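Source file: data09.pdb. Holds: PDB, C-alpha atoms.
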```pdb
ATOM      1  CA  MET A  30     -28.771  -3.747 -62.331  1.00  0.00           C
ATOM      2  CA  THR A  31     -30.148  -0.739 -64.190  1.00  0.00           C
ATOM      3  CA  SER A  32     -33.322   0.966 -63.035  1.00  0.00           C
ATOM      4  CA  ALA A  33     -36.543   0.113 -64.834  1.00  0.00           C
ATOM      5  CA  ARG A  34     -37.740   2.687 -67.362  1.00  0.00           C
ATOM      6  CA  TYR A  35     -41.226   3.778 -68.389  1.00  0.00           C
ATOM      7  CA  PHE A  36     -42.537   3.543 -71.949  1.00  0.00           C
ATOM      8  CA  GLY A  37     -45.803   4.724 -73.435  1.00  0.00           C
ATOM      9  CA  LEU A  38     -47.640   2.438 -75.861  1.00  0.00           C
ATOM     10  CA  ILE A  39     -50.624   3.964 -77.680  1.00  0.00           C
ATOM     11  CA  PRO A  40     -52.736   1.591 -79.809  1.00  0.00           C
ATOM     12  CA  ALA A  41     -54.286   3.770 -82.527  1.00  0.00           C
ATOM     13  CA  ALA A  42     -55.270   1.374 -85.297  1.00  0.00           C
ATOM     14  CA  GLY A  43     -59.041   1.502 -84.795  1.00  0.00           C
ATOM     15  CA  ILE A  44     -61.587   3.030 -87.137  1.00  0.00           C
ATOM     16  CA  GLY A  45     -63.982   4.383 -84.501  1.00  0.00           C
ATOM     17  CA  ALA A  46     -67.135   3.073 -86.179  1.00  0.00           C
ATOM     18  CA  ARG A  47     -69.465   4.199 -83.378  1.00  0.00           C
ATOM     19  CA  MET A  48     -68.465   7.811 -83.896  1.00  0.00           C
ATOM     20  CA  GLY A  49     -69.849   7.736 -87.431  1.00  0.00           C
ATOM     21  CA  ALA A  50     -67.075  10.035 -88.652  1.00  0.00           C
ATOM     22  CA  ALA A  51     -65.540  10.126 -92.119  1.00  0.00           C
ATOM     23  CA  ILE A  52     -62.056   9.502 -90.721  1.00  0.00           C
ATOM     24  CA  PRO A  53     -60.788   7.330 -87.838  1.00  0.00           C
ATOM     25  CA  LYS A  54     -61.824   9.040 -84.626  1.00  0.00           C
ATOM     26  CA  GLN A  55     -58.269   9.365 -83.293  1.00  0.00           C
ATOM     27  CA  TYR A  56     -57.655  11.860 -86.103  1.00  0.00           C
ATOM     28  CA  ALA A  57     -60.882  13.816 -85.651  1.00  0.00           C
ATOM     29  CA  GLU A  58     -60.274  17.402 -84.525  1.00  0.00           C
ATOM     30  CA  LEU A  59     -60.810  18.072 -80.861  1.00  0.00           C
ATOM     31  CA  ALA A  60     -60.128  21.476 -79.296  1.00  0.00           C
ATOM     32  CA  GLY A  61     -58.091  22.516 -82.334  1.00  0.00           C
ATOM     33  CA  ARG A  62     -55.955  19.387 -82.734  1.00  0.00           C
ATOM     34  CA  PRO A  63     -56.475  15.767 -83.761  1.00  0.00           C
ATOM     35  CA  MET A  64     -57.534  13.698 -80.761  1.00  0.00           C
ATOM     36  CA  LEU A  65     -54.436  11.518 -80.965  1.00  0.00           C
ATOM     37  CA  MET A  66     -52.131  14.528 -80.692  1.00  0.00           C
ATOM     38  CA  HIS A  67     -53.488  15.437 -77.259  1.00  0.00           C
ATOM     39  CA  VAL A  68     -52.429  11.972 -76.080  1.00  0.00           C
ATOM     40  CA  LEU A  69     -49.024  11.965 -77.765  1.00  0.00           C
ATOM     41  CA  GLU A  70     -48.183  15.436 -76.480  1.00  0.00           C
ATOM     42  CA  THR A  71     -49.087  14.426 -72.927  1.00  0.00           C
ATOM     43  CA  PHE A  72     -46.779  11.409 -73.049  1.00  0.00           C
ATOM     44  CA  THR A  73     -43.874  13.077 -74.851  1.00  0.00           C
ATOM     45  CA  GLN A  74     -44.020  16.027 -72.449  1.00  0.00           C
ATOM     46  CA  THR A  75     -43.828  13.781 -69.378  1.00  0.00           C
ATOM     47  CA  PRO A  76     -40.126  13.520 -68.397  1.00  0.00           C
ATOM     48  CA  LEU A  77     -40.636  10.168 -66.648  1.00  0.00           C
ATOM     49  CA  ILE A  78     -41.570   8.547 -69.970  1.00  0.00           C
ATOM     50  CA  ALA A  79     -38.394   7.366 -71.706  1.00  0.00           C
ATOM     51  CA  HIS A  80     -40.067   6.870 -75.091  1.00  0.00           C
ATOM     52  CA  THR A  81     -43.538   6.650 -76.583  1.00  0.00           C
ATOM     53  CA  PHE A  82     -44.646   4.207 -79.276  1.00  0.00           C
ATOM     54  CA  VAL A  83     -47.852   4.738 -81.248  1.00  0.00           C
ATOM     55  CA  VAL A  84     -49.234   1.700 -83.061  1.00  0.00           C
ATOM     56  CA  VAL A  85     -51.160   2.380 -86.287  1.00  0.00           C
ATOM     57  CA  SER A  86     -52.424   0.091 -89.026  1.00  0.00           C
ATOM     58  CA  PRO A  87     -50.097  -0.611 -91.968  1.00  0.00           C
ATOM     59  CA  GLU A  88     -52.617   1.183 -94.208  1.00  0.00           C
ATOM     60  CA  ASP A  89     -52.864   4.305 -92.034  1.00  0.00           C
ATOM     61  CA  GLY A  90     -52.808   7.353 -94.284  1.00  0.00           C
ATOM     62  CA  TYR A  91     -53.096  10.034 -91.616  1.00  0.00           C
ATOM     63  CA  ILE A  92     -50.291   9.646 -89.077  1.00  0.00           C
ATOM     64  CA  ASP A  93     -47.460  11.178 -91.151  1.00  0.00           C
ATOM     65  CA  GLY A  94     -49.374  14.330 -92.015  1.00  0.00           C
ATOM     66  CA  THR A  95     -50.707  14.651 -88.476  1.00  0.00           C
ATOM     67  CA  LEU A  96     -47.233  14.524 -86.953  1.00  0.00           C
ATOM     68  CA  ALA A  97     -45.816  16.861 -89.606  1.00  0.00           C
ATOM     69  CA  THR A  98     -48.509  19.458 -88.954  1.00  0.00           C
ATOM     70  CA  ALA A  99     -47.691  19.322 -85.246  1.00  0.00           C
ATOM     71  CA  GLY A 100     -43.949  19.531 -85.915  1.00  0.00           C
ATOM     72  CA  MET A 101     -43.412  16.115 -84.307  1.00  0.00           C
ATOM     73  CA  GLN A 102     -42.423  14.032 -87.346  1.00  0.00           C
ATOM     74  CA  ASP A 103     -38.830  13.833 -86.102  1.00  0.00           C
ATOM     75  CA  HIS A 104     -39.500  13.838 -82.350  1.00  0.00           C
ATOM     76  CA  ALA A 105     -36.717  11.870 -80.653  1.00  0.00           C
ATOM     77  CA  GLY A 106     -39.071  10.531 -77.995  1.00  0.00           C
ATOM     78  CA  LEU A 107     -41.721   9.162 -80.356  1.00  0.00           C
ATOM     79  CA  SER A 108     -41.819   6.184 -82.721  1.00  0.00           C
ATOM     80  CA  VAL A 109     -44.563   5.086 -85.109  1.00  0.00           C
ATOM     81  CA  LEU A 110     -45.085   1.325 -85.354  1.00  0.00           C
ATOM     82  CA  ARG A 111     -47.128   0.333 -88.419  1.00  0.00           C
ATOM     83  CA  VAL A 112     -48.117  -3.072 -87.063  1.00  0.00           C
ATOM     84  CA  GLY A 113     -51.652  -2.461 -85.816  1.00  0.00           C
ATOM     85  CA  GLY A 114     -54.132  -5.320 -86.003  1.00  0.00           C
ATOM     86  CA  ALA A 115     -57.883  -5.853 -86.129  1.00  0.00           C
ATOM     87  CA  THR A 116     -58.293  -5.651 -82.350  1.00  0.00           C
ATOM     88  CA  ARG A 117     -56.760  -3.729 -79.474  1.00  0.00           C
ATOM     89  CA  HIS A 118     -55.222  -6.984 -78.249  1.00  0.00           C
ATOM     90  CA  ASP A 119     -53.538  -7.531 -81.618  1.00  0.00           C
ATOM     91  CA  SER A 120     -52.233  -3.962 -81.831  1.00  0.00           C
ATOM     92  CA  VAL A 121     -50.765  -3.969 -78.322  1.00  0.00           C
ATOM     93  CA  LEU A 122     -49.174  -7.402 -78.722  1.00  0.00           C
ATOM     94  CA  HIS A 123     -47.733  -6.567 -82.147  1.00  0.00           C
ATOM     95  CA  GLY A 124     -46.414  -3.319 -80.700  1.00  0.00           C
ATOM     96  CA  LEU A 125     -44.757  -5.125 -77.799  1.00  0.00           C
ATOM     97  CA  ARG A 126     -43.075  -7.567 -80.142  1.00  0.00           C
ATOM     98  CA  THR A 127     -41.832  -4.785 -82.427  1.00  0.00           C
ATOM     99  CA  MET A 128     -40.361  -2.705 -79.592  1.00  0.00           C
ATOM    100  CA  ARG A 129     -38.595  -5.728 -78.069  1.00  0.00           C
ATOM    101  CA  ALA A 130     -35.079  -4.543 -78.987  1.00  0.00           C
ATOM    102  CA  GLN A 131     -35.541  -1.239 -77.156  1.00  0.00           C
ATOM    103  CA  VAL A 132     -36.949  -2.441 -73.839  1.00  0.00           C
ATOM    104  CA  ASN A 133     -36.060  -4.857 -71.065  1.00  0.00           C
ATOM    105  CA  ASP A 134     -38.401  -7.358 -69.432  1.00  0.00           C
ATOM    106  CA  ASP A 135     -38.444  -5.302 -66.226  1.00  0.00           C
ATOM    107  CA  ASP A 136     -39.278  -1.999 -67.934  1.00  0.00           C
ATOM    108  CA  TRP A 137     -42.773  -0.648 -67.371  1.00  0.00           C
ATOM    109  CA  ILE A 138     -45.186  -0.283 -70.293  1.00  0.00           C
ATOM    110  CA  LEU A 139     -48.031   2.242 -69.963  1.00  0.00           C
ATOM    111  CA  VAL A 140     -50.742   1.325 -72.475  1.00  0.00           C
ATOM    112  CA  HIS A 141     -53.149   4.187 -73.113  1.00  0.00           C
ATOM    113  CA  ASP A 142     -56.203   4.570 -75.351  1.00  0.00           C
ATOM    114  CA  ALA A 143     -55.825   7.013 -78.227  1.00  0.00           C
ATOM    115  CA  ALA A 144     -59.438   8.041 -77.528  1.00  0.00           C
ATOM    116  CA  ARG A 145     -58.757   9.255 -73.970  1.00  0.00           C
ATOM    117  CA  PRO A 146     -57.445  12.763 -74.729  1.00  0.00           C
ATOM    118  CA  GLY A 147     -58.249  14.077 -71.259  1.00  0.00           C
ATOM    119  CA  LEU A 148     -55.260  12.353 -69.663  1.00  0.00           C
ATOM    120  CA  GLN A 149     -53.009  14.759 -67.764  1.00  0.00           C
ATOM    121  CA  ARG A 150     -49.309  14.489 -67.012  1.00  0.00           C
ATOM    122  CA  SER A 151     -50.165  14.593 -63.314  1.00  0.00           C
ATOM    123  CA  LEU A 152     -52.216  11.397 -63.707  1.00  0.00           C
ATOM    124  CA  ILE A 153     -49.273   9.630 -65.342  1.00  0.00           C
ATOM    125  CA  ARG A 154     -47.034  10.709 -62.484  1.00  0.00           C
ATOM    126  CA  HIS A 155     -49.664   9.611 -59.958  1.00  0.00           C
ATOM    127  CA  LEU A 156     -49.954   6.169 -61.546  1.00  0.00           C
ATOM    128  CA  ILE A 157     -46.188   5.651 -61.666  1.00  0.00           C
ATOM    129  CA  ALA A 158     -45.692   6.841 -58.075  1.00  0.00           C
ATOM    130  CA  THR A 159     -48.492   4.644 -56.743  1.00  0.00           C
ATOM    131  CA  ILE A 160     -47.506   1.483 -58.602  1.00  0.00           C
ATOM    132  CA  ASN A 161     -43.815   2.069 -57.839  1.00  0.00           C
ATOM    133  CA  ASP A 162     -42.327  -1.436 -57.502  1.00  0.00           C
ATOM    134  CA  ASP A 163     -45.626  -3.311 -57.214  1.00  0.00           C
ATOM    135  CA  GLU A 164     -45.092  -6.960 -58.048  1.00  0.00           C
ATOM    136  CA  VAL A 165     -48.025  -7.010 -60.488  1.00  0.00           C
ATOM    137  CA  GLY A 166     -48.681  -3.508 -61.821  1.00  0.00           C
ATOM    138  CA  GLY A 167     -51.962  -1.690 -62.118  1.00  0.00           C
ATOM    139  CA  LEU A 168     -54.225   0.757 -63.865  1.00  0.00           C
ATOM    140  CA  LEU A 169     -56.111   3.989 -63.469  1.00  0.00           C
ATOM    141  CA  ALA A 170     -59.774   3.469 -62.607  1.00  0.00           C
ATOM    142  CA  VAL A 171     -62.639   5.313 -60.928  1.00  0.00           C
ATOM    143  CA  PRO A 172     -65.106   3.941 -58.368  1.00  0.00           C
ATOM    144  CA  VAL A 173     -68.584   3.399 -59.806  1.00  0.00           C
ATOM    145  CA  VAL A 174     -71.021   5.951 -58.364  1.00  0.00           C
ATOM    146  CA  ASP A 175     -74.129   5.279 -60.461  1.00  0.00           C
ATOM    147  CA  THR A 176     -76.808   2.750 -59.558  1.00  0.00           C
ATOM    148  CA  LEU A 177     -76.306  -0.245 -61.839  1.00  0.00           C
ATOM    149  CA  LYS A 178     -79.134  -2.287 -63.353  1.00  0.00           C
ATOM    150  CA  ARG A 179     -78.954  -5.721 -64.934  1.00  0.00           C
ATOM    151  CA  ALA A 180     -81.344  -5.908 -67.903  1.00  0.00           C
ATOM    152  CA  ASP A 181     -83.204  -8.813 -69.404  1.00  0.00           C
ATOM    153  CA  ALA A 182     -83.440  -9.573 -73.113  1.00  0.00           C
ATOM    154  CA  HIS A 183     -86.214  -6.984 -73.470  1.00  0.00           C
ATOM    155  CA  HIS A 184     -84.238  -4.132 -71.868  1.00  0.00           C
ATOM    156  CA  ARG A 185     -86.233  -4.286 -68.651  1.00  0.00           C
ATOM    157  CA  ALA A 186     -84.448  -3.950 -65.320  1.00  0.00           C
ATOM    158  CA  GLU A 187     -84.481  -7.262 -63.519  1.00  0.00           C
ATOM    159  CA  GLN A 188     -81.877  -6.638 -60.852  1.00  0.00           C
ATOM    160  CA  THR A 189     -79.996  -3.796 -59.149  1.00  0.00           C
ATOM    161  CA  VAL A 190     -76.315  -4.644 -59.007  1.00  0.00           C
ATOM    162  CA  PRO A 191     -74.469  -3.594 -55.818  1.00  0.00           C
ATOM    163  CA  ARG A 192     -71.850  -1.019 -56.778  1.00  0.00           C
ATOM    164  CA  GLU A 193     -69.631  -1.458 -53.712  1.00  0.00           C
ATOM    165  CA  GLN A 194     -66.136  -2.512 -54.766  1.00  0.00           C
ATOM    166  CA  LEU A 195     -66.925  -1.853 -58.442  1.00  0.00           C
ATOM    167  CA  TRP A 196     -64.536   0.324 -60.445  1.00  0.00           C
ATOM    168  CA  ALA A 197     -64.631   1.541 -64.048  1.00  0.00           C
ATOM    169  CA  ALA A 198     -61.309   0.796 -65.734  1.00  0.00           C
ATOM    170  CA  GLN A 199     -59.387   3.558 -67.466  1.00  0.00           C
ATOM    171  CA  THR A 200     -55.936   3.800 -68.986  1.00  0.00           C
ATOM    172  CA  PRO A 201     -52.956   3.967 -68.780  1.00  0.00           C
ATOM    173  CA  GLN A 202     -52.647   0.366 -67.683  1.00  0.00           C
ATOM    174  CA  MET A 203     -49.121  -0.199 -66.445  1.00  0.00           C
ATOM    175  CA  PHE A 204     -47.301  -3.535 -66.363  1.00  0.00           C
ATOM    176  CA  ARG A 205     -43.746  -4.734 -66.829  1.00  0.00           C
ATOM    177  CA  TYR A 206     -42.898  -5.672 -70.402  1.00  0.00           C
ATOM    178  CA  GLY A 207     -42.198  -9.349 -69.739  1.00  0.00           C
ATOM    179  CA  LEU A 208     -45.359  -9.933 -67.733  1.00  0.00           C
ATOM    180  CA  LEU A 209     -47.623  -8.014 -70.107  1.00  0.00           C
ATOM    181  CA  ARG A 210     -46.331  -9.780 -73.201  1.00  0.00           C
ATOM    182  CA  ARG A 211     -46.691 -13.183 -71.548  1.00  0.00           C
ATOM    183  CA  ALA A 212     -50.249 -12.368 -70.483  1.00  0.00           C
ATOM    184  CA  LEU A 213     -51.328 -11.193 -73.937  1.00  0.00           C
ATOM    185  CA  GLU A 214     -49.675 -14.087 -75.727  1.00  0.00           C
ATOM    186  CA  GLN A 215     -51.562 -16.667 -73.694  1.00  0.00           C
ATOM    187  CA  ASP A 216     -55.026 -15.066 -73.710  1.00  0.00           C
ATOM    188  CA  ILE A 217     -56.692 -13.396 -76.690  1.00  0.00           C
ATOM    189  CA  ASN A 218     -60.205 -13.176 -75.237  1.00  0.00           C
ATOM    190  CA  VAL A 219     -59.594 -10.038 -73.198  1.00  0.00           C
ATOM    191  CA  THR A 220     -60.870  -6.482 -73.405  1.00  0.00           C
ATOM    192  CA  ASP A 221     -57.865  -4.775 -71.825  1.00  0.00           C
ATOM    193  CA  GLU A 222     -54.362  -5.462 -70.553  1.00  0.00           C
ATOM    194  CA  ALA A 223     -55.470  -5.799 -66.931  1.00  0.00           C
ATOM    195  CA  SER A 224     -57.874  -8.610 -67.768  1.00  0.00           C
ATOM    196  CA  ALA A 225     -55.059 -10.466 -69.536  1.00  0.00           C
ATOM    197  CA  VAL A 226     -52.899 -10.157 -66.416  1.00  0.00           C
ATOM    198  CA  GLU A 227     -55.850 -11.248 -64.270  1.00  0.00           C
ATOM    199  CA  SER A 228     -56.111 -14.405 -66.380  1.00  0.00           C
ATOM    200  CA  LEU A 229     -52.685 -15.371 -65.017  1.00  0.00           C
ATOM    201  CA  GLY A 230     -54.189 -15.388 -61.524  1.00  0.00           C
ATOM    202  CA  LEU A 231     -52.705 -12.001 -60.602  1.00  0.00           C
ATOM    203  CA  LYS A 232     -54.459  -8.958 -59.146  1.00  0.00           C
ATOM    204  CA  PRO A 233     -53.566  -5.581 -60.715  1.00  0.00           C
ATOM    205  CA  LYS A 234     -53.678  -2.576 -58.404  1.00  0.00           C
ATOM    206  CA  LEU A 235     -56.481  -0.061 -58.936  1.00  0.00           C
ATOM    207  CA  VAL A 236     -55.229   3.528 -58.811  1.00  0.00           C
ATOM    208  CA  GLU A 237     -57.911   6.198 -58.591  1.00  0.00           C
ATOM    209  CA  GLY A 238     -57.964   8.287 -61.729  1.00  0.00           C
ATOM    210  CA  ASN A 239     -60.093  11.209 -62.843  1.00  0.00           C
ATOM    211  CA  THR A 240     -63.449  11.399 -64.621  1.00  0.00           C
ATOM    212  CA  ARG A 241     -61.959  13.744 -67.252  1.00  0.00           C
ATOM    213  CA  ASN A 242     -59.904  10.790 -68.468  1.00  0.00           C
ATOM    214  CA  PHE A 243     -62.944   9.218 -70.147  1.00  0.00           C
ATOM    215  CA  LYS A 244     -63.044   7.458 -73.506  1.00  0.00           C
ATOM    216  CA  VAL A 245     -64.499   9.389 -76.435  1.00  0.00           C
ATOM    217  CA  THR A 246     -66.781   6.809 -78.032  1.00  0.00           C
ATOM    218  CA  LEU A 247     -70.001   8.483 -79.211  1.00  0.00           C
ATOM    219  CA  PRO A 248     -70.506  11.827 -81.007  1.00  0.00           C
ATOM    220  CA  HIS A 249     -71.860  13.573 -77.903  1.00  0.00           C
ATOM    221  CA  ASP A 250     -68.642  12.716 -76.012  1.00  0.00           C
ATOM    222  CA  VAL A 251     -66.756  15.208 -78.188  1.00  0.00           C
ATOM    223  CA  ALA A 252     -68.386  18.284 -76.647  1.00  0.00           C
ATOM    224  CA  LEU A 253     -67.557  17.162 -73.105  1.00  0.00           C
ATOM    225  CA  ALA A 254     -63.970  16.353 -74.039  1.00  0.00           C
ATOM    226  CA  GLU A 255     -63.547  19.805 -75.559  1.00  0.00           C
ATOM    227  CA  ILE A 256     -64.777  21.440 -72.361  1.00  0.00           C
ATOM    228  CA  TYR A 257     -62.062  19.667 -70.391  1.00  0.00           C
ATOM    229  CA  LEU A 258     -59.317  20.263 -72.956  1.00  0.00           C
ATOM    230  CA  LYS A 259     -60.057  23.947 -73.498  1.00  0.00           C
ATOM    231  CA  GLY A 260     -60.176  24.513 -69.760  1.00  0.00           C
ATOM    232  CA  GLN A 261     -56.839  22.938 -68.955  1.00  0.00           C
ATOM    233  CA  ALA A 262     -53.844  25.126 -68.178  1.00  0.00           C
TER
END
```
Turn the structure described in the file into C-alpha cells.
Amino acid sequence: MTSARYFGLIPAAGIGARMGAAIPKQYAELAGRPMLMHVLETFTQTPLIAHTFVVVSPEDGYIDGTLATAGMQDHAGLSVLRVGGATRHDSVLHGLRTMRAQVNDDDWILVHDAARPGLQRSLIRHLIATINDDEVGGLLAVPVVDTLKRADAHHRAEQTVPREQLWAAQTPQMFRYGLLRRALEQDINVTDEASAVESLGLKPKLVEGNTRNFKVTLPHDVALAEIYLKGQA
C-alpha cells in the first residue's frame, strides 16, 4: 500500500463583497502581491504538499495574468480548476470531483481560504504532524480569549457566553479525500469542511494555530495582514 499524500485545495471563486473593492478580494494587492499569491506560494513552497489545486469561477478573468506576473503560469505543482460555484461548499466539492483522477481516497486534502494570506509553512507542517494518521482529520483553530456576549434583536447584551472549550476555526482543514467528499455530498448546509464531517457524527481534531492566520474580510483587516506579511522572514 502506498503512503498517503497531501494536497492543497484553495477555493478562490468568491467576490469578497464585504471588502467593497473593485476586484475580487483574493486578487487585491497585499504587501506587494495579490492576496491569493501569498497563499499559493506558501503551499507550493511546502515540500510535504504533493500538489496544489486552486478553484476559481469559470468566468474568472484574473487568475491567468496573476500567475503569469508571478512566473507561476507553468508551475508543475499547481493546477487551476475553473469549476468554482456560488458558495464555498460548491467550490470545494466541485474541486474534489475534478481532481478525482489525481488523488486516492486515503490521500489528505488541506482546504485553505484564499483570504488567509498569513498562513506559514510551519503551520502546515504542524497541522500535518499533529493529525498524522488520525482516523478523522482536523483543522487549525485558536482558543477563544475574548468575553463573548449573546445579543437580542436590538443588539443589547442579554447573556455572557462561557468561552471555556470554545475555539475559533481557521484553515487549513485537513481530511482524507474519500471522507471529505462523502461529507460534503451529503450535507450542503455547512459553513466549513469540519462542520460537514461533524454532520457524519465524527469529531475533527482541533490543532492550535496562530492569530496571524486570520481571514481578511473587512477593509481594516488589510493593514493588519500587511504588518504580518512584511515582517515575515
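The shell of residues at most 12 Å from Glu58 of chain A, with all atoms listed in the file counted and near chain neighbours (fewer than 3 positions) removed, consists of Ala50, Ala51, Ile52, Pro53, Lys54, Gln55, Gly61, Arg62, Pro63, Met64, Leu65, Met66, His67, Thr95, Ala144, Pro146, Val251, Ala252, Ala254, Glu255 and Leu258 of chain A.
Contact shell of Thr116 of chain A at 12 Å (all atoms listed in the file; same-chain neighbours under 6 positions omitted): Pro40, Ala41, Ala42, Gly43, Ile44, Gly45, Val84, Val85, Ser86, Leu122, His123, Ile217, Asn218, Val219, Thr220 and Asp221 of chain A.
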Contacts of Gln194 of chain A at 12 Å (all atoms listed in the file; same-chain gap of 4+ positions) as a list in words: Ala170, Val171, Pro172, Val173, Val174, Val190 and Leu235 of chain A
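Of the residues listed (A:Met101, A:Ala33, A:Leu169, A:Leu38), A:Leu38 shows the shortest atom-to-atom separation from Met128 of chain A; distances use all atoms listed in the file.
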Nearest candidate to Gly238 of chain A (options A:Arg154, A:His184, A:Arg126, A:Arg192; using all atoms listed in the file): A:Arg154
If I only have part of segment 250-258 of chain A, can you fill in all heavy atoms and write it as a short mmCIF file (atom, residue, chain, number, x, y, z; two decimals), in the frame of the given file?
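Output (part-v1.cif):
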```
data_model
loop_
_atom_site.label_atom_id
_atom_site.label_comp_id
_atom_site.auth_asym_id
_atom_site.auth_seq_id
_atom_site.Cartn_x
_atom_site.Cartn_y
_atom_site.Cartn_z
N ASP A 250 -69.80 12.67 -76.91
CA ASP A 250 -68.64 12.72 -76.01
C ASP A 250 -67.68 13.83 -76.41
O ASP A 250 -66.90 14.31 -75.58
CB ASP A 250 -67.88 11.38 -76.04
CG ASP A 250 -68.68 10.23 -75.47
OD1 ASP A 250 -69.53 10.48 -74.60
OD2 ASP A 250 -68.46 9.08 -75.91
N VAL A 251 -67.71 14.22 -77.68
CA VAL A 251 -66.76 15.21 -78.19
C VAL A 251 -66.91 16.55 -77.47
O VAL A 251 -65.92 17.17 -77.07
CB VAL A 251 -66.92 15.39 -79.71
CG1 VAL A 251 -66.06 16.55 -80.21
CG2 VAL A 251 -66.56 14.10 -80.43
N ALA A 252 -68.15 16.99 -77.28
CA ALA A 252 -68.39 18.28 -76.65
C ALA A 252 -67.85 18.31 -75.23
O ALA A 252 -67.23 19.29 -74.79
CB ALA A 252 -69.88 18.61 -76.65
N LEU A 253 -68.05 17.22 -74.48
CA LEU A 253 -67.56 17.16 -73.10
C LEU A 253 -66.03 17.15 -73.08
O LEU A 253 -65.41 17.84 -72.26
CB LEU A 253 -68.10 15.92 -72.40
CG LEU A 253 -67.66 15.73 -70.95
CD1 LEU A 253 -68.04 16.92 -70.09
CD2 LEU A 253 -68.28 14.44 -70.38
N ALA A 254 -65.43 16.40 -73.98
CA ALA A 254 -63.97 16.35 -74.04
C ALA A 254 -63.40 17.73 -74.35
O ALA A 254 -62.37 18.13 -73.77
CB ALA A 254 -63.51 15.34 -75.09
N GLU A 255 -64.04 18.47 -75.22
CA GLU A 255 -63.55 19.80 -75.56
C GLU A 255 -63.64 20.75 -74.37
O GLU A 255 -62.77 21.61 -74.19
CB GLU A 255 -64.32 20.36 -76.75
CG GLU A 255 -63.95 19.68 -78.06
CD GLU A 255 -64.42 20.48 -79.28
OE1 GLU A 255 -65.51 21.06 -79.20
OE2 GLU A 255 -63.67 20.50 -80.27
N ILE A 256 -64.66 20.61 -73.56
CA ILE A 256 -64.78 21.44 -72.36
C ILE A 256 -63.57 21.21 -71.45
O ILE A 256 -62.96 22.18 -70.96
CB ILE A 256 -66.08 21.12 -71.61
CG1 ILE A 256 -67.29 21.63 -72.42
CG2 ILE A 256 -66.07 21.75 -70.21
CD1 ILE A 256 -68.62 21.22 -71.83
N TYR A 257 -63.22 19.97 -71.24
CA TYR A 257 -62.06 19.67 -70.39
C TYR A 257 -60.77 20.17 -71.01
O TYR A 257 -59.94 20.81 -70.34
CB TYR A 257 -61.95 18.14 -70.18
CG TYR A 257 -62.91 17.58 -69.17
CD1 TYR A 257 -63.75 16.52 -69.49
CD2 TYR A 257 -62.96 18.08 -67.87
CE1 TYR A 257 -64.63 15.98 -68.56
CE2 TYR A 257 -63.84 17.55 -66.93
CZ TYR A 257 -64.67 16.50 -67.28
OH TYR A 257 -65.52 15.98 -66.36
N LEU A 258 -60.58 19.90 -72.32
CA LEU A 258 -59.32 20.26 -72.96
C LEU A 258 -59.12 21.77 -73.08
O LEU A 258 -58.01 22.27 -72.91
CB LEU A 258 -59.24 19.59 -74.33
CG LEU A 258 -59.10 18.08 -74.30
CD1 LEU A 258 -59.30 17.50 -75.68
CD2 LEU A 258 -57.75 17.68 -73.75
#
```
